[in-house]
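*Asks:* One structure follows; several queries about it will come next.
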Amino acid sequence: MIRLSFFFILFTSFVFSQKKEAFVGKLVYSVQITDTAFQKFIPATQMVVYTNDTITRIENVTDQLGKQAIIKHMELNKSYLLLETPIDNFAIQTDHTDSLFRKKESKYTFEKKWFKKKVGGVRANRLLVSHPDFKEPKEYLYLKKYSPKYINTFEDFPGLPVHYYIITMDGVYEYKLISIEEMLPPKDLFGVPSNYKRVTFNEFLDIMLQLQGGGEEE
């Protein structure tokens with residue numbers, strides 16, 4: 001059965017928002033599982049984010065599905081998940097107003113901490129974050145002047161997260177900013193390539209289930 005935890009990593013959120021400055025540019029994060037026993041099986045990778053402040057492109061790599069990219073129109077609250085698979089290239093349409101992807105009550109609690117800490121060449125604000133799946137509270141870092149919307153995670157966070165943790169079926173992953181660059185990304189980064197088949201989330205699941213069923217019958 002194909003594992004789908006990566007879909008739901010994208011839709012976790014805190015309940016906190018305020019007016020922020022626009023950011024246009026590129027963000028690069030390192031991504032690593034925190035459990036040292038699994039680090040040799042799940043190698044560290046990177047997440048790259050491009051944004052023109054209206055559309056965001058988030059590039060990731062997963063063991064299950066390889067390279068993937070999410071292109072999200074932040075004003076329309078809709079996105080495409082681009083996947084390269086052995087059978088075809090898919091652009092999975094997602095409407096974030098759909099009940100499947102609506103925000104759920106957060107189990108995170110946090111408190112702001114004094115003093116800033118440097119990460120990825122910038123000084124960031126600090127939060128001490130608690131969650132039932134954390135053995136002890138973890139320190140999160142964020143840039144107060146920018147919106148959290150660009151990374152599509154913790155969308156109501158008090159700023160742009162630059163060092164944070166995500167809970168998944170595989171364990172807790174650490175995301176840490178490597179670099180931040182103000183630049184205007186090429187327009188073609190925000191379009192769906194012509195060689196990708198556009199499908200809904202449910203249509204994609206049906207295709208995968210049919211393939212697995214066919215493989216079992218053989």
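Chain labels run A, B, ... following the order of the structure tokens; each chain numbers its residues from 1, and ligands are numbered from 1 in the order shown.
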At most 7 Å is the cut-off: for each residue in range 38-133 of chain A with any atom that close to an atom of range 140-155 of chain A, write down the nearest atom pair and the distance in Å rounded to one decimal, counting only C-alpha atoms, chain first then increasing number, as a Markdown table.
*Replies:*
| residue | atom | partner | partner_atom | distance |
| --- | --- | --- | --- | --- |
| A:Val49 | CA | A:Ile151 | CA | 7.0 |
| A:Thr51 | CA | A:Tyr150 | CA | 6.9 |
| A:Thr56 | CA | A:Tyr150 | CA | 6.2 |
| A:Ala124 | CA | A:Leu143 | CA | 5.2 |
| A:Asn125 | CA | A:Tyr142 | CA | 5.3 |
| A:Arg126 | CA | A:Leu141 | CA | 4.7 |
| A:Leu127 | CA | A:Tyr140 | CA | 5.1 |
| A:Leu128 | CA | A:Tyr140 | CA | 6.3 |
| A:Val129 | CA | A:Tyr140 | CA | 6.7 |
*Asks:* Just the residues within 12 Å of Pro43 in chain A, please, counting only C-alpha atoms, with nothing from its chain fewer than 3 positions along; format it as a list in words.
*Replies:*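 With the cut-off at 12 Å, the set is Ser30, Val31, Gln32, Ile33, Thr34, Asp35, Thr36, Ala37, Phe38, Gln39, Lys40, Gln46, Val61, Thr62, Asp63 and Tyr173 of chain A.
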*Asks:* Hey, which bits of range 50-82 of chain A sit within 12 Å of range 181-199 of chain A, and for each residue what's the closest pair of atoms and how far apart in Å (one decimal), counting only C-alpha atoms, rows by chain and increasing number, as a Markdown table?
*Replies:*
| residue | atom | partner | partner_atom | distance |
| --- | --- | --- | --- | --- |
| A:Tyr50 | CA | A:Pro185 | CA | 6.5 |
| A:Thr51 | CA | A:Pro185 | CA | 6.9 |
| A:Asn52 | CA | A:Leu184 | CA | 6.7 |
| A:Asp53 | CA | A:Leu184 | CA | 10.0 |
| A:Thr54 | CA | A:Phe190 | CA | 10.0 |
| A:Ile55 | CA | A:Phe190 | CA | 6.7 |
| A:Thr56 | CA | A:Phe190 | CA | 7.2 |
| A:Arg57 | CA | A:Phe190 | CA | 6.4 |
| A:Ile58 | CA | A:Phe190 | CA | 10.0 |
| A:Glu59 | CA | A:Leu189 | CA | 10.5 |
| A:Ala69 | CA | A:Leu189 | CA | 9.9 |
| A:Ile70 | CA | A:Phe190 | CA | 9.3 |
| A:Ile71 | CA | A:Phe190 | CA | 6.2 |
| A:Lys72 | CA | A:Phe190 | CA | 8.3 |
| A:His73 | CA | A:Phe190 | CA | 9.0 |
| A:Met74 | CA | A:Phe190 | CA | 11.9 |
| A:Ser79 | CA | A:Val192 | CA | 10.3 |
| A:Tyr80 | CA | A:Val192 | CA | 7.8 |
| A:Leu81 | CA | A:Val192 | CA | 9.4 |
| A:Leu82 | CA | A:Tyr196 | CA | 7.7 |
*Asks:* How would the residues just chosen look if you wrote them out with N, CA, C and O atoms as a short mmCIF file (atom, residue, chain, number, x, y, z; two decimals), in the first residue's frame?
*Replies:*
data_model
loop_
_atom_site.label_atom_id
_atom_site.label_comp_id
_atom_site.auth_asym_id
_atom_site.auth_seq_id
_atom_site.Cartn_x
_atom_site.Cartn_y
_atom_site.Cartn_z
N TYR A 50 10.32 28.22 -3.88
CA TYR A 50 10.35 29.42 -4.71
C TYR A 50 9.00 30.13 -4.57
O TYR A 50 7.96 29.47 -4.54
N THR A 51 9.00 31.45 -4.51
CA THR A 51 7.73 32.16 -4.42
C THR A 51 7.82 33.53 -5.08
O THR A 51 8.87 34.19 -5.05
N ASN A 52 6.71 33.93 -5.70
CA ASN A 52 6.58 35.30 -6.22
C ASN A 52 5.56 36.08 -5.41
O ASN A 52 5.07 37.10 -5.83
N ASP A 53 5.21 35.54 -4.24
CA ASP A 53 4.26 36.08 -3.27
C ASP A 53 2.81 35.82 -3.64
O ASP A 53 1.91 36.10 -2.85
N THR A 54 2.55 35.27 -4.81
CA THR A 54 1.21 34.86 -5.19
C THR A 54 1.14 33.35 -5.35
O THR A 54 0.19 32.69 -4.92
N ILE A 55 2.19 32.79 -5.95
CA ILE A 55 2.30 31.35 -6.16
C ILE A 55 3.59 30.85 -5.51
O ILE A 55 4.61 31.53 -5.56
N THR A 56 3.52 29.69 -4.91
CA THR A 56 4.69 29.08 -4.29
C THR A 56 4.94 27.71 -4.89
O THR A 56 4.01 26.94 -5.14
N ARG A 57 6.21 27.40 -5.13
CA ARG A 57 6.62 26.07 -5.59
C ARG A 57 7.52 25.47 -4.52
O ARG A 57 8.54 26.08 -4.14
N ILE A 58 7.15 24.29 -4.02
CA ILE A 58 7.92 23.60 -2.99
C ILE A 58 8.41 22.27 -3.56
O ILE A 58 7.60 21.43 -3.94
N GLU A 59 9.72 22.08 -3.61
CA GLU A 59 10.31 20.88 -4.16
C GLU A 59 10.85 20.00 -3.04
O GLU A 59 11.57 20.46 -2.16
N ALA A 69 6.96 18.09 -6.53
CA ALA A 69 6.88 19.54 -6.37
C ALA A 69 5.42 19.92 -6.16
O ALA A 69 4.52 19.35 -6.77
N ILE A 70 5.19 20.88 -5.29
CA ILE A 70 3.86 21.41 -5.05
C ILE A 70 3.82 22.85 -5.56
O ILE A 70 4.68 23.66 -5.20
N ILE A 71 2.86 23.14 -6.43
CA ILE A 71 2.66 24.49 -6.92
C ILE A 71 1.32 24.98 -6.37
O ILE A 71 0.27 24.44 -6.72
N LYS A 72 1.36 25.95 -5.49
CA LYS A 72 0.15 26.41 -4.82
C LYS A 72 -0.12 27.89 -5.12
O LYS A 72 0.76 28.73 -4.95
N HIS A 73 -1.35 28.16 -5.56
CA HIS A 73 -1.81 29.54 -5.73
C HIS A 73 -2.39 29.96 -4.38
O HIS A 73 -3.44 29.47 -3.97
N MET A 74 -1.71 30.86 -3.69
CA MET A 74 -2.08 31.17 -2.31
C MET A 74 -3.37 31.95 -2.19
O MET A 74 -4.07 31.84 -1.18
N SER A 79 -3.91 23.97 -5.42
CA SER A 79 -2.55 23.59 -5.76
C SER A 79 -2.51 22.37 -6.67
O SER A 79 -3.52 21.67 -6.86
N TYR A 80 -1.32 22.13 -7.24
CA TYR A 80 -1.01 20.91 -7.97
C TYR A 80 0.21 20.26 -7.31
O TYR A 80 1.19 20.94 -6.99
N LEU A 81 0.13 18.96 -7.11
CA LEU A 81 1.27 18.18 -6.66
C LEU A 81 1.83 17.46 -7.87
O LEU A 81 1.16 16.62 -8.48
N LEU A 82 3.06 17.79 -8.28
CA LEU A 82 3.68 17.19 -9.45
C LEU A 82 4.50 15.99 -9.04
O LEU A 82 5.41 16.10 -8.21
#
*Asks:* DSSP on the backbone, then: every residue of range 15-209 of chain A marked strand (DSSP E), written as a VMD selection string.
*Replies:* chain A and resid 25 to 33 45 to 51 55 to 62 66 to 73 78 to 84 89 to 95 109 to 119 122 to 130 138 to 143 160 to 168 171 to 182 197 to 200
*Asks:* Taking only C-alpha atoms into account, name the residue in A:Lys20, A:Lys138, A:Asp170, A:Lys107 that is nearest to Phe41 in chain A.
*Replies:* A:Asp170
*Asks:* Between A:Met47, A:Ile42, A:Ala91, A:Val119, which residue has the minimum interatomic distance to Tyr29 in chain A, considering only C-alpha atoms?
*Replies:*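 That would be A:Met47, the residue with the smallest distance to Tyr29 in chain A.
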*Asks:* Nearest to Lys26 in chain A: which of A:Lys67, A:His163, A:Val48, A:Thr109 is it, counting only C-alpha atoms?
*Replies:*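 Smallest distance to Lys26 in chain A is found for A:Val48.
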*Asks:* For CA of Arg123 in chain A and CA of Lys135 in chain A, quote the distance in Å rounded to one decimal.
*Replies:*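 Separation between CA of Arg123 in chain A and CA of Lys135 in chain A: 26.9 Å.
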